[in-house]
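Q: The following block contains the structure, expressed as structure tokens.
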Amino acid sequence: MTEETLTETLPPVRHWPALDLTGLDFDPVLTELMAEGPVTRIKLPNGEGWAWLVTRLDDVRMVTNDPRFGREAVMDQPVTRLAPHFIPERGAVGFLDPPDHTRLRRSVAAAFTAKGVGRIRERSRCMLDELVDELLQDGPPADLTETVLGPFPIAVICELMGVPAADRHAMHTWTQLILSSSHGKQVSEKAKHEMGAYFTELIGRRKGATGEDVASLLGAAVGSGEITLEEAVGLAVLLQIGGEAVTNNSGQMFYLLLTRPDLAQRLRAEPEIRPRAIDEMLRYIPHRNAVGLSRIALEDVEIKGVRIRAGDPVYVSYLAANRDPAVFPDPETLDFARSPNPHVSFGFGPHFCPGNMLARLESELLVDALLERVPGLRLAVPPDQVPFKKGALIRGPESLPVTW
């Protein structure tokens, strides 16, 4: 096949604008791309050129778990992307490939196992109870995001990281500035630098530590020469920021339960189905806008009859994979009895989210506490008046006005 023939057979490049979607609306552009075929081409609002997009579950799993697609090479290419500013740090775990990626993840793995997460379960439950006590004491109406869904994940990730309670507010402020696309590159970089300086000092003080929190584990790994201080700080920043993703996910989860009182009532009546119901909500909720980080094909690879050439950028859509009709019958329906449910909301392959067990724990504690302790919980405004974040990479309500 000649170069010309191959070029002629390439699928068209689809422009994918940054849409400010509200509620749980599924991205209409992504719906069209899924219908066009398993492998399409896209151009996002920022960066240069075009990239491949893979949307079927089996292909998404293959790309994310195949060493022929790498993250490190992304550093050197101005790949088309959603984010207006792209400030990856060399050596950051999100842009590493095995074996370096494996070595870095291993240093903190103990904190994110079932045992590590179990270590903070009771403390997390107590912190949540205190927040719900305050909510009930202050009385309705309230903003559930401001009172519970925001402060709770910050408290939990700081507990796991070993960040003192007095520094939680600073961590939250830095995270918001880093994640927002509306403040500009300089503000975002400054916040990242300040958070990095904080962790440099915290981890540096714990080089001989034997504690089970993340800062102590990183301090010990730096002390033994397993990882560098720079690598430890980059990983700490990423984990701290990732810890706040639960605010957006739980915001969407409670928006869903409060706009579908029948579902909330079912979860109150059947507590035993809550873990499976949360899994189904995680599959269903569109937790981000467009796509996350790309990968670069390191050699020619064929996917569903389409040749991806070495050097081509490739995106996967976990949101699309979670709606793959070949895997999830009737994917647009929220089915609390869905089993099996092999969703990829926490990713797949080497970059699978290390905080997945922590996020599940927080979701279960939140559902238990709010459904049981605030039985009359309902929206204080019509569903279409709940404000959703604009210009954000991660989707979620700006606030969640409730009453009871």
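The way I read the labels, and the way they are meant: chains A, B, ... in the order of the structure tokens, residue 1 as the first residue of every chain, and ligand 1 as the first ligand shown, with later ones counted on from there.
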Need to verify the contact set: Gly242 of chain A, 10 Å, only C-alpha atoms, exclusion of same-chain residues closer than 6 positions in sequence. Can you return it as a list in words?
A: Pro153, Ile157, Thr175, Leu179, Ala236, Cys353, Pro354, Gly355 and Ala359 of chain A
Q: Could you go through segment 153-388 of chain A and tell me which residues DSSP, when run on the backbone, assigns to alpha helix (DSSP H), listing them as a compact mmCIF listing (two decimals) with C-alpha atoms, in the first residue's frame?
A:
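Dumped everything to selection-v1.txt:
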```
# COMPACT_ATOMS: atom_id res chain seq x y z
CA PRO A 153 -11.60 14.04 50.80
CA ILE A 154 -9.05 16.73 51.74
CA ALA A 155 -9.02 15.51 55.35
CA VAL A 156 -8.70 11.86 54.23
CA ILE A 157 -5.90 12.36 51.69
CA CYS A 158 -3.98 14.56 54.17
CA GLU A 159 -4.38 11.80 56.78
CA LEU A 160 -3.05 9.18 54.34
CA MET A 161 -0.24 11.46 53.15
CA ARG A 168 -5.09 21.11 54.94
CA HIS A 169 -6.36 24.51 53.83
CA ALA A 170 -3.08 25.36 52.05
CA MET A 171 -3.14 21.97 50.28
CA HIS A 172 -6.70 22.57 49.08
CA THR A 173 -5.89 26.07 47.78
CA TRP A 174 -2.84 24.83 45.84
CA THR A 175 -4.81 21.91 44.38
CA GLN A 176 -7.62 24.17 43.14
CA LEU A 177 -5.12 26.51 41.45
CA ILE A 178 -3.25 23.62 39.82
CA LEU A 179 -6.44 21.97 38.51
CA LYS A 185 -0.19 28.98 33.39
CA GLN A 186 1.85 31.15 35.79
CA VAL A 187 -0.63 30.85 38.68
CA SER A 188 -0.84 27.08 38.17
CA GLU A 189 2.97 26.69 38.01
CA LYS A 190 3.46 28.84 41.13
CA ALA A 191 0.97 26.70 43.11
CA LYS A 192 2.69 23.50 41.93
CA HIS A 193 6.08 24.91 42.94
CA GLU A 194 4.78 25.88 46.41
CA MET A 195 3.21 22.47 47.01
CA GLY A 196 6.47 20.87 45.82
CA ALA A 197 8.49 23.00 48.25
CA TYR A 198 6.16 21.95 51.08
CA PHE A 199 6.62 18.23 50.31
CA THR A 200 10.39 18.67 49.82
CA GLU A 201 10.61 19.81 53.43
CA LEU A 202 8.09 17.28 54.80
CA ILE A 203 9.69 14.25 53.08
CA GLY A 204 13.20 15.54 53.76
CA VAL A 214 2.85 8.30 52.39
CA ALA A 215 5.33 11.05 53.39
CA SER A 216 7.06 8.60 55.77
CA LEU A 217 7.16 5.84 53.13
CA LEU A 218 8.63 8.30 50.63
CA GLY A 219 11.11 9.59 53.22
CA ALA A 220 12.26 6.04 53.92
CA ALA A 221 12.58 5.27 50.18
CA VAL A 222 14.67 8.42 49.67
CA GLY A 223 16.79 7.56 52.73
CA LEU A 229 13.93 13.32 46.66
CA GLU A 230 12.83 14.96 43.41
CA GLU A 231 10.96 11.80 42.35
CA ALA A 232 9.37 11.50 45.80
CA VAL A 233 8.12 15.10 45.72
CA GLY A 234 6.67 14.71 42.20
CA LEU A 235 4.77 11.59 43.31
CA ALA A 236 3.53 13.25 46.52
CA VAL A 237 2.16 16.24 44.58
CA LEU A 238 0.35 13.94 42.13
CA LEU A 239 -1.19 11.83 44.92
CA GLN A 240 -2.25 14.88 46.94
CA ILE A 241 -3.97 16.47 43.93
CA GLY A 242 -5.57 13.15 42.93
CA GLY A 243 -7.01 12.81 46.41
CA ALA A 245 -10.92 14.03 42.67
CA VAL A 246 -13.37 12.36 45.07
CA THR A 247 -15.03 15.76 45.65
CA ASN A 248 -16.09 15.93 42.00
CA ASN A 249 -17.00 12.25 41.75
CA SER A 250 -19.07 12.29 44.94
CA GLY A 251 -20.63 15.61 43.87
CA GLN A 252 -21.88 13.93 40.70
CA MET A 253 -22.87 10.81 42.65
CA PHE A 254 -25.07 12.79 45.07
CA TYR A 255 -26.44 14.94 42.23
CA LEU A 256 -27.52 11.65 40.65
CA LEU A 257 -29.07 10.29 43.87
CA LEU A 258 -30.82 13.59 44.66
CA THR A 259 -32.30 13.87 41.16
CA PRO A 261 -34.95 9.86 44.78
CA ASP A 262 -36.08 6.32 43.86
CA LEU A 263 -32.41 5.24 43.74
CA ALA A 264 -31.57 6.95 47.05
CA GLN A 265 -34.57 5.28 48.67
CA ARG A 266 -33.47 1.89 47.38
CA LEU A 267 -29.99 2.36 48.86
CA ARG A 268 -31.52 3.33 52.21
CA ALA A 269 -33.70 0.22 52.19
CA ARG A 274 -24.41 -0.11 48.24
CA PRO A 275 -20.89 -1.25 47.21
CA ARG A 276 -22.22 -2.64 43.89
CA ALA A 277 -24.40 0.44 43.36
CA ILE A 278 -21.39 2.73 43.90
CA ASP A 279 -19.43 0.70 41.33
CA GLU A 280 -22.25 1.15 38.82
CA MET A 281 -22.42 4.90 39.52
CA LEU A 282 -18.64 5.10 39.00
CA ARG A 283 -19.12 3.42 35.60
CA TYR A 284 -21.99 5.69 34.62
CA TYR A 318 -12.36 5.53 29.66
CA LEU A 319 -15.80 7.20 29.52
CA ALA A 320 -16.50 5.65 26.13
CA ALA A 321 -15.13 2.27 27.22
CA ASN A 356 -8.95 3.38 43.73
CA MET A 357 -9.51 1.59 47.07
CA LEU A 358 -9.33 4.88 48.94
CA ALA A 359 -11.88 6.48 46.60
CA ARG A 360 -14.25 3.52 47.02
CA LEU A 361 -13.87 3.70 50.81
CA GLU A 362 -14.71 7.42 50.82
CA SER A 363 -17.71 6.91 48.52
CA GLU A 364 -19.09 4.13 50.74
CA LEU A 365 -18.61 6.18 53.94
CA LEU A 366 -20.31 9.21 52.33
CA VAL A 367 -23.29 7.22 51.05
CA ASP A 368 -23.71 5.49 54.43
CA ALA A 369 -23.45 8.69 56.49
CA LEU A 370 -25.59 11.01 54.38
CA LEU A 371 -28.37 8.55 53.50
CA GLU A 372 -28.70 7.30 57.08
CA ARG A 373 -28.09 10.46 59.11
```
Q: For each of A:Gly47, A:Pro99, A:Pro325, A:Pro401, take the minimum atom-to-atom distance to Pro382 of chain A, counting only C-alpha atoms, then give the residue where this is smallest.
A: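 Using only C-alpha atoms, the shortest distance to Pro382 of chain A belongs to A:Pro401.
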Q: Identify which of the residues A:Leu393, A:Val402, A:Leu128, A:Val63 lies closest to Val301 of chain A, counting only C-alpha atoms when measuring atom-to-atom distances.
A: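 Of all the options, A:Val63 lies closest to Val301 of chain A.
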Q: Contacts of segment 68-78 of chain A at 10 Å or less, counting only C-alpha atoms, minus same-chain residues fewer than 6 places along, as an NGL selection string?
A: :A and (46-49 or 62 or 86-98 or 293-301 or 310-314 or 351)
Q: May I ask for the distance between atom CA of Thr80 of chain A and atom CA of Ala18 of chain A, given in Å to one decimal place?
A: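 Answer for the atom CA of Thr80 of chain A to atom CA of Ala18 of chain A separation: 12.4 Å.
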Q: Might you pull out every residue within 8 Å of Phe388 of chain A, with only C-alpha atoms counted and same-chain residues fewer than 5 positions away left off, and present them as a list of chain:residue names?
A: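 What passes the distance filter is A:Leu21, A:Thr22, A:Gly23, A:Arg395, A:Gly396, A:Pro397, A:Glu398, A:Ser399.
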